[in-house]
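Raw work-v7.pdb, PDB, C-alpha atoms:
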```pdb
ATOM      1  CA  MET A   2      22.613 -20.986  14.943
ATOM      2  CA  THR A   3      21.223 -17.602  15.971
ATOM      3  CA  SER A   4      18.937 -15.520  13.807
ATOM      4  CA  THR A   5      21.691 -12.914  13.377
ATOM      5  CA  SER A   6      24.288 -15.433  12.225
ATOM      6  CA  LYS A   7      21.766 -16.983   9.785
ATOM      7  CA  HIS A   8      21.075 -13.481   8.496
ATOM      8  CA  THR A   9      24.794 -12.812   8.037
ATOM      9  CA  GLU A  10      25.346 -16.185   6.353
ATOM     10  CA  ASP A  11      22.478 -15.523   3.932
ATOM     11  CA  LYS A  12      23.811 -12.057   3.169
ATOM     12  CA  MET A  13      27.254 -13.490   2.357
ATOM     13  CA  LEU A  14      25.666 -16.166   0.156
ATOM     14  CA  TRP A  15      23.701 -13.449  -1.656
ATOM     15  CA  LEU A  16      26.838 -11.397  -2.314
ATOM     16  CA  ALA A  17      28.710 -14.483  -3.585
ATOM     17  CA  PHE A  18      25.762 -15.493  -5.779
ATOM     18  CA  LYS A  19      25.649 -11.988  -7.278
ATOM     19  CA  GLU A  20      29.300 -12.433  -8.226
ATOM     20  CA  GLY A  21      28.368 -15.616 -10.122
ATOM     21  CA  ASP A  22      29.133 -18.241  -7.452
ATOM     22  CA  GLU A  23      26.943 -21.193  -8.480
ATOM     23  CA  ARG A  24      27.470 -22.989  -5.153
ATOM     24  CA  ALA A  25      26.156 -19.961  -3.236
ATOM     25  CA  PHE A  26      23.126 -19.820  -5.546
ATOM     26  CA  THR A  27      22.507 -23.562  -5.114
ATOM     27  CA  THR A  28      22.751 -23.199  -1.331
ATOM     28  CA  LEU A  29      20.200 -20.361  -1.330
ATOM     29  CA  TYR A  30      17.959 -22.363  -3.654
ATOM     30  CA  HIS A  31      18.002 -25.481  -1.463
ATOM     31  CA  LYS A  32      17.587 -23.430   1.685
ATOM     32  CA  TYR A  33      14.440 -21.620   0.494
ATOM     33  CA  VAL A  34      12.790 -23.515  -2.371
ATOM     34  CA  HIS A  35      10.630 -25.728  -0.122
ATOM     35  CA  VAL A  36       9.502 -23.002   2.241
ATOM     36  CA  LEU A  37       8.716 -20.696  -0.702
ATOM     37  CA  TYR A  38       6.764 -23.471  -2.377
ATOM     38  CA  GLY A  39       4.855 -24.081   0.881
ATOM     39  CA  TYR A  40       4.091 -20.376   1.209
ATOM     40  CA  GLY A  41       3.020 -20.121  -2.428
ATOM     41  CA  LYS A  42       0.629 -23.082  -2.066
ATOM     42  CA  LYS A  43      -1.116 -21.169   0.697
ATOM     43  CA  LEU A  44      -1.718 -18.251  -1.640
ATOM     44  CA  ILE A  45      -2.998 -20.148  -4.691
ATOM     45  CA  SER A  46      -4.241 -23.704  -4.916
ATOM     46  CA  ASP A  47      -2.705 -24.547  -8.300
ATOM     47  CA  GLN A  48       0.389 -26.491  -7.198
ATOM     48  CA  GLU A  49       1.885 -26.678 -10.684
ATOM     49  CA  ALA A  50       1.536 -22.918 -11.117
ATOM     50  CA  VAL A  51       3.251 -22.345  -7.772
ATOM     51  CA  GLN A  52       6.042 -24.710  -8.731
ATOM     52  CA  ASP A  53       6.508 -22.878 -12.036
ATOM     53  CA  ILE A  54       6.481 -19.442 -10.380
ATOM     54  CA  VAL A  55       9.064 -20.503  -7.765
ATOM     55  CA  GLN A  56      11.310 -22.017 -10.443
ATOM     56  CA  GLU A  57      10.949 -18.927 -12.653
ATOM     57  CA  LEU A  58      11.819 -16.726  -9.686
ATOM     58  CA  PHE A  59      15.104 -18.560  -9.160
ATOM     59  CA  ILE A  60      15.872 -18.642 -12.887
ATOM     60  CA  ASP A  61      15.221 -14.911 -13.188
ATOM     61  CA  ILE A  62      17.352 -13.953 -10.200
ATOM     62  CA  TRP A  63      20.210 -16.096 -11.544
ATOM     63  CA  GLN A  64      19.978 -14.492 -14.973
ATOM     64  CA  SER A  65      19.729 -10.953 -13.585
ATOM     65  CA  ARG A  66      22.167 -11.464 -10.671
ATOM     66  CA  SER A  67      24.590  -8.765 -11.810
ATOM     67  CA  ARG A  68      21.795  -6.161 -11.786
ATOM     68  CA  LEU A  69      20.362  -7.136  -8.386
ATOM     69  CA  SER A  70      21.031  -4.862  -5.466
ATOM     70  CA  ASP A  71      22.561  -5.948  -2.184
ATOM     71  CA  VAL A  72      19.879  -7.006   0.265
ATOM     72  CA  GLU A  73      19.813  -7.189   4.035
ATOM     73  CA  SER A  74      17.716 -10.348   4.007
ATOM     74  CA  PRO A  75      17.634 -12.680   0.989
ATOM     75  CA  LYS A  76      14.768 -14.575   2.647
ATOM     76  CA  PHE A  77      12.699 -11.384   2.795
ATOM     77  CA  TYR A  78      13.566 -10.550  -0.818
ATOM     78  CA  LEU A  79      12.500 -14.025  -2.001
ATOM     79  CA  PHE A  80       9.211 -14.041  -0.049
ATOM     80  CA  ARG A  81       8.275 -10.590  -1.300
ATOM     81  CA  ALA A  82       9.266 -11.399  -4.890
ATOM     82  CA  LEU A  83       7.268 -14.640  -4.824
ATOM     83  CA  ARG A  84       4.159 -12.958  -3.443
ATOM     84  CA  ARG A  85       4.382 -10.224  -6.111
ATOM     85  CA  ARG A  86       4.806 -12.779  -8.895
ATOM     86  CA  ILE A  87       1.818 -14.773  -7.683
ATOM     87  CA  HIS A  88      -0.272 -11.630  -7.465
ATOM     88  CA  LYS A  89       0.843 -10.583 -10.965
ATOM     89  CA  SER A  90       0.088 -14.057 -12.366
ATOM     90  CA  LEU A  91      -3.486 -13.720 -11.146
ATOM     91  CA  ASN A  92      -3.940 -10.494 -13.156
ATOM     92  CA  GLY A  93      -5.471  -8.617 -10.247
ATOM     93  CA  LYS A  94      -7.695 -11.472  -9.077
ATOM     94  CA  HIS A  95      -7.935 -12.032  -5.332
ATOM     95  CA  ILE A  96      -5.270 -14.309  -3.921
ATOM     96  CA  ASN A  97      -7.012 -17.476  -2.790
ATOM     97  CA  GLN A  98      -5.233 -18.126   0.466
ATOM     98  CA  ASN A  99      -5.446 -21.796   1.317
ATOM     99  CA  TRP A 100      -4.294 -22.608   4.844
ATOM    100  CA  ASP A 101      -6.091 -25.970   5.102
ATOM    101  CA  ASN A 102      -3.107 -28.249   4.541
ATOM    102  CA  ILE A 103      -0.543 -26.858   6.912
ATOM    103  CA  ASP A 104       2.297 -29.334   6.614
ATOM    104  CA  GLU A 105       5.150 -27.566   4.825
ATOM    105  CA  GLY A 106       8.179 -25.872   6.351
ATOM    106  CA  ILE A 107       6.099 -22.744   6.881
ATOM    107  CA  HIS A 108       4.058 -24.553   9.497
ATOM    108  CA  PRO A 109       5.162 -24.081  13.082
ATOM    109  CA  VAL A 110       4.466 -27.502  14.549
ATOM    110  CA  ASP A 111       6.801 -30.377  13.657
ATOM    111  CA  LEU A 112       6.904 -33.285  16.029
ATOM    112  CA  PRO A 113      10.371 -34.445  17.110
ATOM    113  CA  LYS A 114      10.988 -38.084  16.164
ATOM    114  CA  GLU A 115      13.028 -38.955  19.247
ATOM    115  CA  TYR A 116      10.166 -38.549  21.708
ATOM    116  CA  GLN A 117       8.483 -41.588  23.271
ATOM    117  CA  ILE A 118       5.133 -42.787  21.885
ATOM    118  CA  ILE A 119       3.101 -41.316  24.741
ATOM    119  CA  GLU A 120       4.735 -37.924  24.365
ATOM    120  CA  GLN A 121       4.152 -38.078  20.608
ATOM    121  CA  GLU A 122       0.449 -38.716  21.140
ATOM    122  CA  ASP A 123       0.242 -35.761  23.523
ATOM    123  CA  PHE A 124       2.035 -33.496  21.047
ATOM    124  CA  GLN A 125      -0.186 -34.784  18.230
ATOM    125  CA  ARG A 126      -3.263 -33.812  20.220
ATOM    126  CA  GLN A 127      -1.775 -30.364  20.897
ATOM    127  CA  LYS A 128      -0.849 -29.979  17.227
ATOM    128  CA  GLU A 129      -4.398 -30.814  16.157
ATOM    129  CA  GLU A 130      -5.768 -28.258  18.628
ATOM    130  CA  LEU A 131      -3.325 -25.620  17.386
ATOM    131  CA  ASP A 132      -4.169 -26.444  13.752
ATOM    132  CA  SER A 133      -7.849 -26.058  14.544
ATOM    133  CA  TRP A 134      -7.312 -22.736  16.316
ATOM    134  CA  LEU A 135      -5.059 -21.384  13.583
ATOM    135  CA  LYS A 136      -7.538 -22.410  10.873
ATOM    136  CA  SER A 137     -10.263 -20.505  12.725
ATOM    137  CA  LEU A 138      -8.332 -17.250  12.292
ATOM    138  CA  PRO A 139      -9.102 -14.977   9.340
ATOM    139  CA  GLU A 140      -6.674 -15.605   6.473
ATOM    140  CA  ARG A 141      -4.746 -12.362   6.856
ATOM    141  CA  GLN A 142      -4.254 -12.874  10.623
ATOM    142  CA  TYR A 143      -2.972 -16.383  10.040
ATOM    143  CA  GLU A 144      -0.584 -15.197   7.340
ATOM    144  CA  VAL A 145       0.945 -12.460   9.498
ATOM    145  CA  LEU A 146       1.425 -14.916  12.389
ATOM    146  CA  MET A 147       3.237 -17.339  10.102
ATOM    147  CA  LEU A 148       5.458 -14.637   8.662
ATOM    148  CA  ARG A 149       6.237 -13.042  12.037
ATOM    149  CA  TYR A 150       6.668 -15.963  14.410
ATOM    150  CA  TYR A 151       7.604 -18.870  12.185
ATOM    151  CA  GLN A 152       9.505 -17.155   9.382
ATOM    152  CA  ASP A 153      11.018 -14.508  11.686
ATOM    153  CA  PHE A 154      10.228 -11.473   9.521
ATOM    154  CA  THR A 155      10.068  -8.027  11.133
ATOM    155  CA  TYR A 156       6.866  -5.987  11.150
ATOM    156  CA  THR A 157       8.365  -3.726   8.486
ATOM    157  CA  GLU A 158       9.273  -6.679   6.262
ATOM    158  CA  ILE A 159       5.790  -8.182   6.644
ATOM    159  CA  SER A 160       4.193  -4.860   5.757
ATOM    160  CA  GLU A 161       6.276  -4.764   2.577
ATOM    161  CA  ILE A 162       5.557  -8.412   1.693
ATOM    162  CA  LEU A 163       1.808  -7.907   2.123
ATOM    163  CA  SER A 164       1.756  -4.316   0.791
ATOM    164  CA  ILE A 165       0.031  -2.953   3.885
ATOM    165  CA  ASN A 166       1.248  -0.479   6.472
ATOM    166  CA  GLU A 167       3.204  -1.567   9.536
ATOM    167  CA  GLN A 168       0.455  -0.577  11.979
ATOM    168  CA  SER A 169      -1.983  -2.845  10.132
ATOM    169  CA  VAL A 170       0.476  -5.728  10.573
ATOM    170  CA  ARG A 171       0.720  -5.007  14.301
ATOM    171  CA  ASN A 172      -3.078  -4.805  14.583
ATOM    172  CA  LEU A 173      -3.558  -8.094  12.715
ATOM    173  CA  ILE A 174      -1.042  -9.857  14.955
ATOM    174  CA  GLN A 175      -2.573  -8.402  18.102
ATOM    175  CA  ARG A 176      -6.081  -9.493  17.078
ATOM    176  CA  ALA A 177      -4.841 -12.984  16.136
ATOM    177  CA  VAL A 178      -3.020 -13.441  19.446
ATOM    178  CA  LEU A 179      -6.057 -12.227  21.401
ATOM    179  CA  LYS A 180      -8.296 -14.648  19.523
ATOM    180  CA  LEU A 181      -5.889 -17.552  20.141
ATOM    181  CA  ARG A 182      -5.691 -16.612  23.820
ATOM    182  CA  HIS A 183      -9.492 -16.547  24.005
ATOM    183  CA  LEU A 184      -9.722 -19.979  22.327
ATOM    184  CA  THR A 185      -7.129 -21.393  24.735
ATOM    185  CA  ILE A 186      -8.987 -20.089  27.789
ATOM    186  CA  SER A 187     -12.323 -21.342  26.423
ATOM    187  CA  THR A 188     -10.851 -24.810  25.879
ATOM    188  CA  LEU A 189      -9.324 -24.808  29.364
ATOM    189  CA  PHE A 190     -12.659 -23.889  30.984
ATOM    190  CA  ALA A 191     -14.496 -26.489  28.912
ATOM    191  CA  GLY A 192     -12.010 -29.129  30.135
ATOM    192  CA  ILE A 193     -12.453 -28.056  33.762
ATOM    193  CA  PHE A 194     -16.260 -28.249  33.559
ATOM    194  CA  LEU A 195     -16.039 -31.828  32.256
ATOM    195  CA  PHE A 196     -14.720 -32.863  35.676
ATOM    196  CA  PHE A 197     -17.682 -31.369  37.607
TER     197      PHE A 197
END
```

Would you mind writing the file out in structure tokens?
Amino acid sequence: MTSTSKHTEDKMLWLAFKEGDERAFTTLYHKYVHVLYGYGKKLISDQEAVQDIVQELFIDIWQSRSRLSDVESPKFYLFRALRRRIHKSLNGKHINQNWDNIDEGIHPVDLPKEYQIIEQEDFQRQKEELDSWLKSLPERQYEVLMLRYYQDFTYTEISEILSINEQSVRNLIQRAVLKLRHLTISTLFAGIFLFF
């Protein structure tokens, strides 16, 4: 399914949910609850608090569905609403972004089960390298990469989710990609020198 058709499907679900369609609401809930929970756990370490905030978000949007506006991207709306609620729950304290356990749906690297054992080992090694490189990025750079490339948000949407301007998002992504490229080249050269 293409990104556009997913977008259209989500938009239709949102409209149906606003009209009181419980099945549409349940579909949206099941589609996004895990990825929102995964994203929330990266922002604060209290898993129970994240769980509560995600559940309250869905309860509140169900209860206020008739007053909600039409949205272009329900996924964007939910991510932004969750981030705001987490920030509000901290009463102005700094969001403690925790990217150490990167195993939820927000994480880009999932190993296919149908691959042979040797291929799985190779992918596991690559995944560990990527995890290590991603963890070496500053928190904000890592977050924008996840939102842009693995959650498919636009630069404008990311800027609204993070409450920063669009150029800052572009700069953060550019710096993160340059750093990852540098790490990749450094690793490649290190591997070559091992053979000499």

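Taking CA of Gln52 (chain A) and CA of Ile162 (chain A) as the two end points, the separation is 19.4 Å.
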
For Met13 (chain A), the closest of A:Pro75, A:Glu57, A:Arg66, A:His35 counting all atoms listed in the file is A:Pro75

Excluding same-chain residues fewer than 5 positions from Ala25 (chain A), what lies within 12 Å of it counting only C-alpha atoms, as a VMD selection string?
chain A and resid 10 to 20 30 to 32 63 66 75

Output of the PyMOL selection byres ((chain A and resi 143-158) around 7), listed as a list in words:
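Going through the file, the PyMOL selection byres ((chain A and resi 143-158) around 7) ends up selecting Phe77, Ile107, Pro109, Leu135, Leu138, Pro139, Glu140, Arg141, Gln142, Ile159, Ser160, Glu161, Ile162, Glu167, Val170, Arg171 and Ile174 of chain A.
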
One decimal place gives the CA of Leu181 (chain A)-CA of Leu79 (chain A) separation as 29.0 Å

Residue among A:Val36, A:Leu29, A:Val51, A:Leu69 lying closest to Leu91 (chain A), counting all atoms listed in the file
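Ranking A:Val36, A:Leu29, A:Val51, A:Leu69 by distance to Leu91 (chain A), first place goes to A:Val51.
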
Could you add N, CA, C and O atoms to region 78-95 of chain A and give me the result as a PDB file, keeping the file's coordinate frame?
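Written output follows (part-v6.pdb):
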```pdb
ATOM      1  N   TYR A  78      13.615 -10.868   0.612  1.00  0.00           N
ATOM      2  CA  TYR A  78      13.566 -10.550  -0.818  1.00  0.00           C
ATOM      3  C   TYR A  78      12.810 -11.640  -1.572  1.00  0.00           C
ATOM      4  O   TYR A  78      11.944 -11.352  -2.401  1.00  0.00           O
ATOM      5  N   LEU A  79      13.121 -12.908  -1.282  1.00  0.00           N
ATOM      6  CA  LEU A  79      12.500 -14.025  -2.001  1.00  0.00           C
ATOM      7  C   LEU A  79      11.007 -14.134  -1.686  1.00  0.00           C
ATOM      8  O   LEU A  79      10.192 -14.359  -2.587  1.00  0.00           O
ATOM      9  N   PHE A  80      10.628 -13.980  -0.416  1.00  0.00           N
ATOM     10  CA  PHE A  80       9.211 -14.041  -0.049  1.00  0.00           C
ATOM     11  C   PHE A  80       8.433 -12.933  -0.747  1.00  0.00           C
ATOM     12  O   PHE A  80       7.360 -13.164  -1.303  1.00  0.00           O
ATOM     13  N   ARG A  81       8.975 -11.726  -0.687  1.00  0.00           N
ATOM     14  CA  ARG A  81       8.275 -10.590  -1.300  1.00  0.00           C
ATOM     15  C   ARG A  81       8.184 -10.767  -2.814  1.00  0.00           C
ATOM     16  O   ARG A  81       7.129 -10.539  -3.410  1.00  0.00           O
ATOM     17  N   ALA A  82       9.267 -11.199  -3.434  1.00  0.00           N
ATOM     18  CA  ALA A  82       9.266 -11.399  -4.890  1.00  0.00           C
ATOM     19  C   ALA A  82       8.265 -12.485  -5.290  1.00  0.00           C
ATOM     20  O   ALA A  82       7.545 -12.339  -6.281  1.00  0.00           O
ATOM     21  N   LEU A  83       8.213 -13.567  -4.509  1.00  0.00           N
ATOM     22  CA  LEU A  83       7.268 -14.640  -4.824  1.00  0.00           C
ATOM     23  C   LEU A  83       5.835 -14.154  -4.707  1.00  0.00           C
ATOM     24  O   LEU A  83       5.010 -14.395  -5.601  1.00  0.00           O
ATOM     25  N   ARG A  84       5.526 -13.446  -3.639  1.00  0.00           N
ATOM     26  CA  ARG A  84       4.159 -12.958  -3.443  1.00  0.00           C
ATOM     27  C   ARG A  84       3.765 -12.021  -4.580  1.00  0.00           C
ATOM     28  O   ARG A  84       2.651 -12.086  -5.098  1.00  0.00           O
ATOM     29  N   ARG A  85       4.672 -11.143  -4.995  1.00  0.00           N
ATOM     30  CA  ARG A  85       4.382 -10.224  -6.111  1.00  0.00           C
ATOM     31  C   ARG A  85       4.150 -10.979  -7.407  1.00  0.00           C
ATOM     32  O   ARG A  85       3.258 -10.647  -8.178  1.00  0.00           O
ATOM     33  N   ARG A  86       4.961 -11.999  -7.656  1.00  0.00           N
ATOM     34  CA  ARG A  86       4.806 -12.779  -8.895  1.00  0.00           C
ATOM     35  C   ARG A  86       3.472 -13.519  -8.903  1.00  0.00           C
ATOM     36  O   ARG A  86       2.814 -13.603  -9.939  1.00  0.00           O
ATOM     37  N   ILE A  87       3.103 -14.066  -7.763  1.00  0.00           N
ATOM     38  CA  ILE A  87       1.818 -14.773  -7.683  1.00  0.00           C
ATOM     39  C   ILE A  87       0.687 -13.792  -7.927  1.00  0.00           C
ATOM     40  O   ILE A  87      -0.238 -14.067  -8.695  1.00  0.00           O
ATOM     41  N   HIS A  88       0.764 -12.643  -7.286  1.00  0.00           N
ATOM     42  CA  HIS A  88      -0.272 -11.630  -7.465  1.00  0.00           C
ATOM     43  C   HIS A  88      -0.355 -11.195  -8.933  1.00  0.00           C
ATOM     44  O   HIS A  88      -1.439 -11.075  -9.505  1.00  0.00           O
ATOM     45  N   LYS A  89       0.798 -10.989  -9.553  1.00  0.00           N
ATOM     46  CA  LYS A  89       0.843 -10.583 -10.965  1.00  0.00           C
ATOM     47  C   LYS A  89       0.285 -11.687 -11.868  1.00  0.00           C
ATOM     48  O   LYS A  89      -0.410 -11.413 -12.848  1.00  0.00           O
ATOM     49  N   SER A  90       0.570 -12.943 -11.541  1.00  0.00           N
ATOM     50  CA  SER A  90       0.088 -14.057 -12.366  1.00  0.00           C
ATOM     51  C   SER A  90      -1.430 -14.182 -12.328  1.00  0.00           C
ATOM     52  O   SER A  90      -2.033 -14.740 -13.228  1.00  0.00           O
ATOM     53  N   LEU A  91      -2.029 -13.658 -11.270  1.00  0.00           N
ATOM     54  CA  LEU A  91      -3.486 -13.720 -11.146  1.00  0.00           C
ATOM     55  C   LEU A  91      -4.175 -12.568 -11.867  1.00  0.00           C
ATOM     56  O   LEU A  91      -5.402 -12.497 -11.876  1.00  0.00           O
ATOM     57  N   ASN A  92      -3.398 -11.648 -12.431  1.00  0.00           N
ATOM     58  CA  ASN A  92      -3.940 -10.494 -13.156  1.00  0.00           C
ATOM     59  C   ASN A  92      -4.972  -9.726 -12.342  1.00  0.00           C
ATOM     60  O   ASN A  92      -6.072  -9.437 -12.809  1.00  0.00           O
ATOM     61  N   GLY A  93      -4.601  -9.424 -11.090  1.00  0.00           N
ATOM     62  CA  GLY A  93      -5.471  -8.617 -10.247  1.00  0.00           C
ATOM     63  C   GLY A  93      -6.559  -9.382  -9.532  1.00  0.00           C
ATOM     64  O   GLY A  93      -7.299  -8.818  -8.746  1.00  0.00           O
ATOM     65  N   LYS A  94      -6.692 -10.692  -9.803  1.00  0.00           N
ATOM     66  CA  LYS A  94      -7.695 -11.472  -9.077  1.00  0.00           C
ATOM     67  C   LYS A  94      -7.260 -11.607  -7.629  1.00  0.00           C
ATOM     68  O   LYS A  94      -6.088 -11.521  -7.305  1.00  0.00           O
ATOM     69  N   HIS A  95      -8.223 -11.875  -6.762  1.00  0.00           N
ATOM     70  CA  HIS A  95      -7.935 -12.032  -5.332  1.00  0.00           C
ATOM     71  C   HIS A  95      -7.098 -13.282  -5.097  1.00  0.00           C
ATOM     72  O   HIS A  95      -7.370 -14.334  -5.667  1.00  0.00           O
TER      73      HIS A  95
END
```
